[in-house]
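*Asks:* Quick one: this structure, given as structure tokens, is what I'll be asking you about.
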Protein chains: 2
Amino acid sequence: MTAEIVVIGDEILLGLIIDTNSAFISRRLAELGTKVNRITKVGDNIDSIAQAFEKAAKEADMVICCGGLGPTHDDKTRDAAAKFLGAELKLNESAFQEIQSMYKKAGRVMSETNRVQAMIPEGAAYLSNSRGTAPGLSFKKDRASFFCLQGVPSEMQWMAETHVFPVVQKIKQGKVLKFRTLRTVGIPESALYEKTKEIVQLFHDKLDIAFLPQMTRGVDIRLTCSVQSAEKAAELIADAEGRFVSCIGQFFSNAVYGYDDETLEQSLAQLFFDTGQTIATAESCTGGLIAHRLTNVSGSSSFFLQGVTTYSNDSKMKLLNVPEKLLTDHGAVSEEVAKSMAENIRKMAGTNLGLSTTGIAGPTGATEHKPVGLAYIGFSTDEKTSAIKLTPLPYAVDRLVFKERLSQMALDVVRKHLVNLKELLNK
Amino acid sequence: MTAEIVVIGDEILLGLIIDTNSAFISRRLAELGTKVNRITKVGDNIDSIAQAFEKAAKEADMVICCGGLGPTHDDKTRDAAAKFLGAELKLNESAFQEIQSMYKKAGRVMSETNRVQAMIPEGAAYLSNSRGTAPGLSFKKDRASFFCLQGVPSEMQWMAETHVFPVVQKIKQGKVLKFRTLRTVGIPESALYEKTKEIVQLFHDKLDIAFLPQMTRGVDIRLTCSVQSAEKAAELIADAEGRFVSCIGQFFSNAVYGYDDETLEQSLAQLFFDTGQTIATAESCTGGLIAHRLTNVSGSSSFFLQGVTTYSNDSKMKLLNVPEKLLTDHGAVSEEVAKSMAENIRKMAGTNLGLSTTGIAGPTGATEHKPVGLAYIGFSTDEKTSAIKLTPLPYAVDRLVFKERLSQMALDVVRKHLVNLKELLNK
């Protein structure tokens, strides 16, 4: 079985929006053992969409199309499908009722414009959409089954999981593709590669191994295995994973923070659940990002008790009781202030841990001795309060990248502490 | 002049990472009047890269390639370029010195692995990279000029702006493509379209007009104009823009918050600079995201004085003096608590404005009368404290989407207030 993807939208061809939909579909289909042979990107134009459909219908068993189902004049997929099928568009009463009830549920009045979303080519079926107002379409021609889905990623994903992938799973038996990603933080790509290259060598004809540096997050190592049996694939990947983790652990203590799509905050949350510790944050230059990330995990209210963003010196003194003398003697961006912030927030909030950041995010705010990019992370437990100094990267990074990198390193300080604590508790 | 893009990486073909680079390059080239005829995506394989180069060299004047320049075994672009050119790889001394000095500047020791990044095919030139350690490559064959750039987006963008686009600008004279995006918040796509469809009609043969709904941000209206003269394009776009803004303003007060890539926090920061107002935030369910967004703008320390994230009832009482009775009588997710949070943070911080959020982000935490997605925004000025209730969407959204939507609406409450204040001050 082969698949094709057709992505619709002028904004894609002009590079005005980034197409994430074809990557999502490719990945899920690869996991289900189905190869995407071609991805075609066409504009909001009835003829070019219909032509792409014609071509795909002759060469693929399944065609998944994204975009062009909205209510406005630039949404052409319904018309293109009608042209391709040589059929008329007709109002589909049950699709119409679904759209209406969607609006009713939200306590809103349906606009007349939305009526067009219930127009379906004769001979096609509509696909229910419980994540938005536009129904999808499905139809067959030549050897191909067509699924027309939405362009908004969250809607498209729900539609694909509900209406498309179960069909693939049913049909498909064959070669299996398995992925495993090891996520590391705090080590440069080249150092990581150097220490692990013997493992790469060992598996070179059995697995694809890729080192993927992420600007703000660390380096991912991705293992890909393509064999006939799922058991064999799992075995090979488990073997390689074990070697990587133990080798990395030997040189860089606890640098692997998670697997696959796991985020640092998710793996950290699990450590909080396991150890029963609590935390409070005092952020200056990260401006609330650390609190935001901690609260992205469901259940975070059990360990994250409070956070403050103290941007000004005044608020550092008032909200956090940082002594004025520390601020005048050492400046707000200093080891002393980072420690005072972390210790004071911990005591004020009555938590086990206190975490703080202070730094120069830029582009303004630098002085002779304190360049843009300089930052301190303060970390306080009831036994000890310490600070880590971070020097700027050799190249300029923008404000948001700086905040994200720093938040990643600060969360990693907490993670490493909790990993050690968990080991102690388990003894 | 025609261009092609070659994107390299197994992870792209398998949908494991999303290619944003081709969108960036397509867009900048379109703005410079150069059309991208084809985007080819190939894996980390010397032969397939070399084949893609062969094909592109015969059909395009310029080929831009992204990825495969890193230091590890899965980086094949240098080898593929050597094969394509029929040349040997040789250590380039000045490239090598540049990489070394990059490491020195960062106070780090260069790893032996990085040496491979200074290997350049004979006959090719290296392109300096001040944003990372891998130099780029440039060479010519058949009719095409090749530029091999990095895969990490921030590096690639800097390289393209420095080494590629200036060359295009020099060569290129011709049809101009102009874009203008109007960004709106708080209005459904269909309602926006309904009120403005006469303008869409009026310009249908002069401009491309697209309505682009963004999950968490609002709806963008994008105007695209392609004509011979830059003046004519600017005139047409200005005419359409004026009509859209006045029409939208008539039905939905101040719904256009920005233009092109401007974010809501950027347009809001400008209003703070213009009016001299200050703000403090008290966040429950948005967990620090509002403070994070406010501090993403350089200069935000002049108007954003402090923020607190009070996730627990206890911290709402202790840090914000929310009366216990309010919490027990009405619950933490209530109009009364939202108002108390906003008013108290404003008074405590001594700012002109106070903003608060409280809500149920899910997936847990719902009760019979308080479903996931219910939220209140509290807003306090020295004249008045009010709260807005937000009912859940008719379809489930995940935690992060919920936080982002709510932060957008909360920031918009402040923006609308400051727009009105600015008008008053200007009278």
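Residues are named by chain letter and number: chains run A, B, ... in the order of the structure tokens, numbers start at 1 in each chain, and ligands are numbered from 1 in the order shown.
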Kindly provide, as a list in words, the residues of chain B having any atom no farther than 6 Å from an atom of chain A, counting only C-alpha atoms.
*Replies:*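 So the residues of chain B near chain A are Leu14, Gly15, Ile18, Thr20, Ala23, Phe24, Ser26, Arg27, Lys105, Ala106, Thr113, Arg131, Ser190, Gly287, Gly288, Leu289, Ala291, His292, Thr295, Leu305, Gln306, Gly307, Val308, Thr309, Thr310, Tyr311, Ser312, Pro394 and Tyr395 of chain B.
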*Asks:* Fewer than 2 positions away in the same chain doesn't count, so skip those; otherwise give me all residues within 8 Å of Ser380 in chain A, counting only C-alpha atoms, as a PyMOL selection string.
*Replies:* chain A and resi 339+342-343+346+353-355+378+382-386
*Asks:* CA of Leu236 in chain A to CA of Thr184 in chain A: how many Å, to one decimal?
*Replies:* 20.6 Å
*Asks:* Might you pull out every residue within 8 Å of Val63 in chain A, with only C-alpha atoms counted and same-chain residues fewer than 6 positions away left off, and present them as a PyMOL selection string?
*Replies:* chain A and resi 3-6+56-57+144-147
*Asks:* Generate a file of the selected residues that holds N, CA and C atoms, formatted as a compact mmCIF listing (two decimals), in the first residue's frame.
*Replies:*
```txt
# COMPACT_ATOMS: atom_id res chain seq x y z
N ALA A 3 0.90 5.68 -0.14
CA ALA A 3 0.06 6.84 0.17
C ALA A 3 0.66 8.09 -0.45
N GLU A 4 -0.19 9.07 -0.69
CA GLU A 4 0.27 10.40 -1.11
C GLU A 4 -0.40 11.43 -0.23
N ILE A 5 0.29 12.55 -0.09
CA ILE A 5 -0.30 13.66 0.66
C ILE A 5 -0.41 14.86 -0.27
N VAL A 6 -1.56 15.50 -0.25
CA VAL A 6 -1.74 16.75 -1.00
C VAL A 6 -2.02 17.85 0.01
N ALA A 56 -2.71 11.65 -8.31
CA ALA A 56 -2.59 10.80 -7.12
C ALA A 56 -3.50 9.58 -7.25
N ALA A 57 -4.69 9.74 -7.84
CA ALA A 57 -5.65 8.64 -7.93
C ALA A 57 -5.10 7.47 -8.74
N ALA A 144 -7.66 4.75 -5.74
CA ALA A 144 -7.38 5.47 -4.48
C ALA A 144 -8.60 5.80 -3.63
N SER A 145 -8.42 5.68 -2.32
CA SER A 145 -9.40 6.22 -1.36
C SER A 145 -8.92 7.60 -0.94
N PHE A 146 -9.79 8.58 -1.03
CA PHE A 146 -9.44 9.96 -0.67
C PHE A 146 -10.02 10.33 0.69
N PHE A 147 -9.21 11.05 1.45
CA PHE A 147 -9.68 11.64 2.71
C PHE A 147 -9.29 13.11 2.70
```
*Asks:* Run DSSP on the backbone and grab whatever in range 82-309 of chain B lands in strand (DSSP E); send it over as a ChimeraX atom specification.
*Replies:* /B:89-91,119-121,125-127,136-141,144-149,176-184,208-214,218-227,256-259,279-283,304-309
*Asks:* What separation in Å, quoted to one decimal, exists between CA of Ala95 in chain A and CA of Leu137 in chain A?
*Replies:*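 Between CA of Ala95 in chain A and CA of Leu137 in chain A the gap is 10.6 Å.
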*Asks:* Between CA of Arg78 in chain B and CA of Val164 in chain B, what is the distance in Å, rounded to a tenth?
*Replies:*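 Distance reported for this atom pair: 18.4 Å.
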*Asks:* Name all residues at most 10 Å from Ala134 in chain B (count only C-alpha atoms; drop same-chain ones fewer than 5 positions away) and give them as an mmCIF file with N, CA and C atoms, in the first residue's frame.
*Replies:*
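Everything below was put into out_20.cif:
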```cif
data_model
loop_
_atom_site.group_PDB
_atom_site.id
_atom_site.type_symbol
_atom_site.label_atom_id
_atom_site.label_comp_id
_atom_site.auth_asym_id
_atom_site.auth_seq_id
_atom_site.Cartn_x
_atom_site.Cartn_y
_atom_site.Cartn_z
ATOM 1 N N GLY B 68 22.788 18.782 6.979
ATOM 2 C CA GLY B 68 23.865 17.838 6.682
ATOM 3 C C GLY B 68 25.268 18.389 6.827
ATOM 4 N N LEU B 69 25.436 19.514 7.539
ATOM 5 C CA LEU B 69 26.782 20.085 7.703
ATOM 6 C C LEU B 69 27.351 19.890 9.105
ATOM 7 N N GLY B 70 26.627 19.182 9.956
ATOM 8 C CA GLY B 70 27.082 18.970 11.339
ATOM 9 C C GLY B 70 28.316 18.070 11.403
ATOM 10 N N PRO B 71 28.785 17.777 12.621
ATOM 11 C CA PRO B 71 30.033 17.032 12.760
ATOM 12 C C PRO B 71 29.872 15.511 12.840
ATOM 13 N N ALA B 95 38.912 28.048 7.384
ATOM 14 C CA ALA B 95 37.664 27.569 7.991
ATOM 15 C C ALA B 95 37.958 26.934 9.352
ATOM 16 N N PHE B 96 39.027 26.157 9.401
ATOM 17 C CA PHE B 96 39.411 25.481 10.632
ATOM 18 C C PHE B 96 39.715 26.494 11.740
ATOM 19 N N GLU B 98 38.560 29.533 11.944
ATOM 20 C CA GLU B 98 37.313 30.179 12.363
ATOM 21 C C GLU B 98 36.570 29.331 13.397
ATOM 22 N N ILE B 99 36.528 28.028 13.149
ATOM 23 C CA ILE B 99 35.837 27.139 14.086
ATOM 24 C C ILE B 99 36.551 27.165 15.439
ATOM 25 N N ASN B 114 34.892 18.105 15.576
ATOM 26 C CA ASN B 114 34.532 19.310 14.841
ATOM 27 C C ASN B 114 35.458 19.591 13.655
ATOM 28 N N ARG B 115 36.617 18.916 13.647
ATOM 29 C CA ARG B 115 37.586 19.117 12.574
ATOM 30 C C ARG B 115 36.963 18.829 11.197
ATOM 31 N N VAL B 116 36.107 17.844 11.156
ATOM 32 C CA VAL B 116 35.496 17.425 9.894
ATOM 33 C C VAL B 116 34.663 18.565 9.272
ATOM 34 N N GLN B 117 34.220 19.485 10.119
ATOM 35 C CA GLN B 117 33.406 20.586 9.602
ATOM 36 C C GLN B 117 34.222 21.578 8.774
ATOM 37 N N ALA B 118 35.548 21.479 8.867
ATOM 38 C CA ALA B 118 36.394 22.358 8.054
ATOM 39 C C ALA B 118 36.859 21.672 6.766
ATOM 40 N N TYR B 126 34.137 28.228 1.283
ATOM 41 C CA TYR B 126 33.356 28.076 2.512
ATOM 42 C C TYR B 126 32.703 29.405 2.848
ATOM 43 N N LEU B 127 31.566 29.331 3.529
ATOM 44 C CA LEU B 127 30.821 30.531 3.924
ATOM 45 C C LEU B 127 30.910 30.675 5.441
ATOM 46 N N SER B 128 31.425 31.799 5.910
ATOM 47 C CA SER B 128 31.599 32.030 7.350
ATOM 48 C C SER B 128 30.272 31.957 8.085
ATOM 49 N N ASN B 129 30.310 31.392 9.268
ATOM 50 C CA ASN B 129 29.106 31.242 10.077
ATOM 51 C C ASN B 129 29.384 31.799 11.467
ATOM 52 N N LEU B 149 23.671 25.396 3.236
ATOM 53 C CA LEU B 149 23.534 26.052 4.536
ATOM 54 C C LEU B 149 23.195 25.018 5.611
ATOM 55 N N GLN B 150 23.183 25.471 6.850
ATOM 56 C CA GLN B 150 22.934 24.592 7.984
ATOM 57 C C GLN B 150 21.466 24.180 8.073
ATOM 58 N N GLU B 155 20.633 29.371 12.544
ATOM 59 C CA GLU B 155 21.900 29.484 11.807
ATOM 60 C C GLU B 155 21.653 29.662 10.316
#
```
*Asks:* Tell me, as an MDAnalysis selection string, which residues lie within 10 Å of range 230-233 of chain A, counting only C-alpha atoms; anything in the same chain fewer than 2 positions away does not count.
*Replies:* chainID A and resid 174:179 206:207 224:228 235:239
*Asks:* Can those selected residues be exported to a file as a PDB file, in the first residue's frame so that it contains C-alpha atoms?
*Replies:*
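Final file, again.pdb:
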```
ATOM      1  CA  GLY A 174       4.110  -5.782   6.787  1.00  0.00           C
ATOM      2  CA  LYS A 175       7.441  -4.239   7.608  1.00  0.00           C
ATOM      3  CA  VAL A 176       7.506  -2.370  10.861  1.00  0.00           C
ATOM      4  CA  LEU A 177       9.260   0.906  11.510  1.00  0.00           C
ATOM      5  CA  LYS A 178      10.129   1.674  15.125  1.00  0.00           C
ATOM      6  CA  PHE A 179      11.538   4.889  16.528  1.00  0.00           C
ATOM      7  CA  LYS A 206      21.127  -2.507  12.036  1.00  0.00           C
ATOM      8  CA  LEU A 207      19.800   0.891  13.039  1.00  0.00           C
ATOM      9  CA  THR A 224      15.227   4.057  13.824  1.00  0.00           C
ATOM     10  CA  CYS A 225      14.746   0.376  13.079  1.00  0.00           C
ATOM     11  CA  SER A 226      13.012  -1.118  10.062  1.00  0.00           C
ATOM     12  CA  VAL A 227      12.578  -4.887  10.136  1.00  0.00           C
ATOM     13  CA  GLN A 228       9.895  -7.503   9.498  1.00  0.00           C
ATOM     14  CA  GLU A 235      14.945  -5.930  20.871  1.00  0.00           C
ATOM     15  CA  LEU A 236      17.495  -4.097  18.710  1.00  0.00           C
ATOM     16  CA  ILE A 237      16.315  -0.711  19.921  1.00  0.00           C
ATOM     17  CA  ALA A 238      16.343  -1.772  23.565  1.00  0.00           C
ATOM     18  CA  ASP A 239      19.900  -3.070  23.161  1.00  0.00           C
TER      19      ASP A 239
END
```
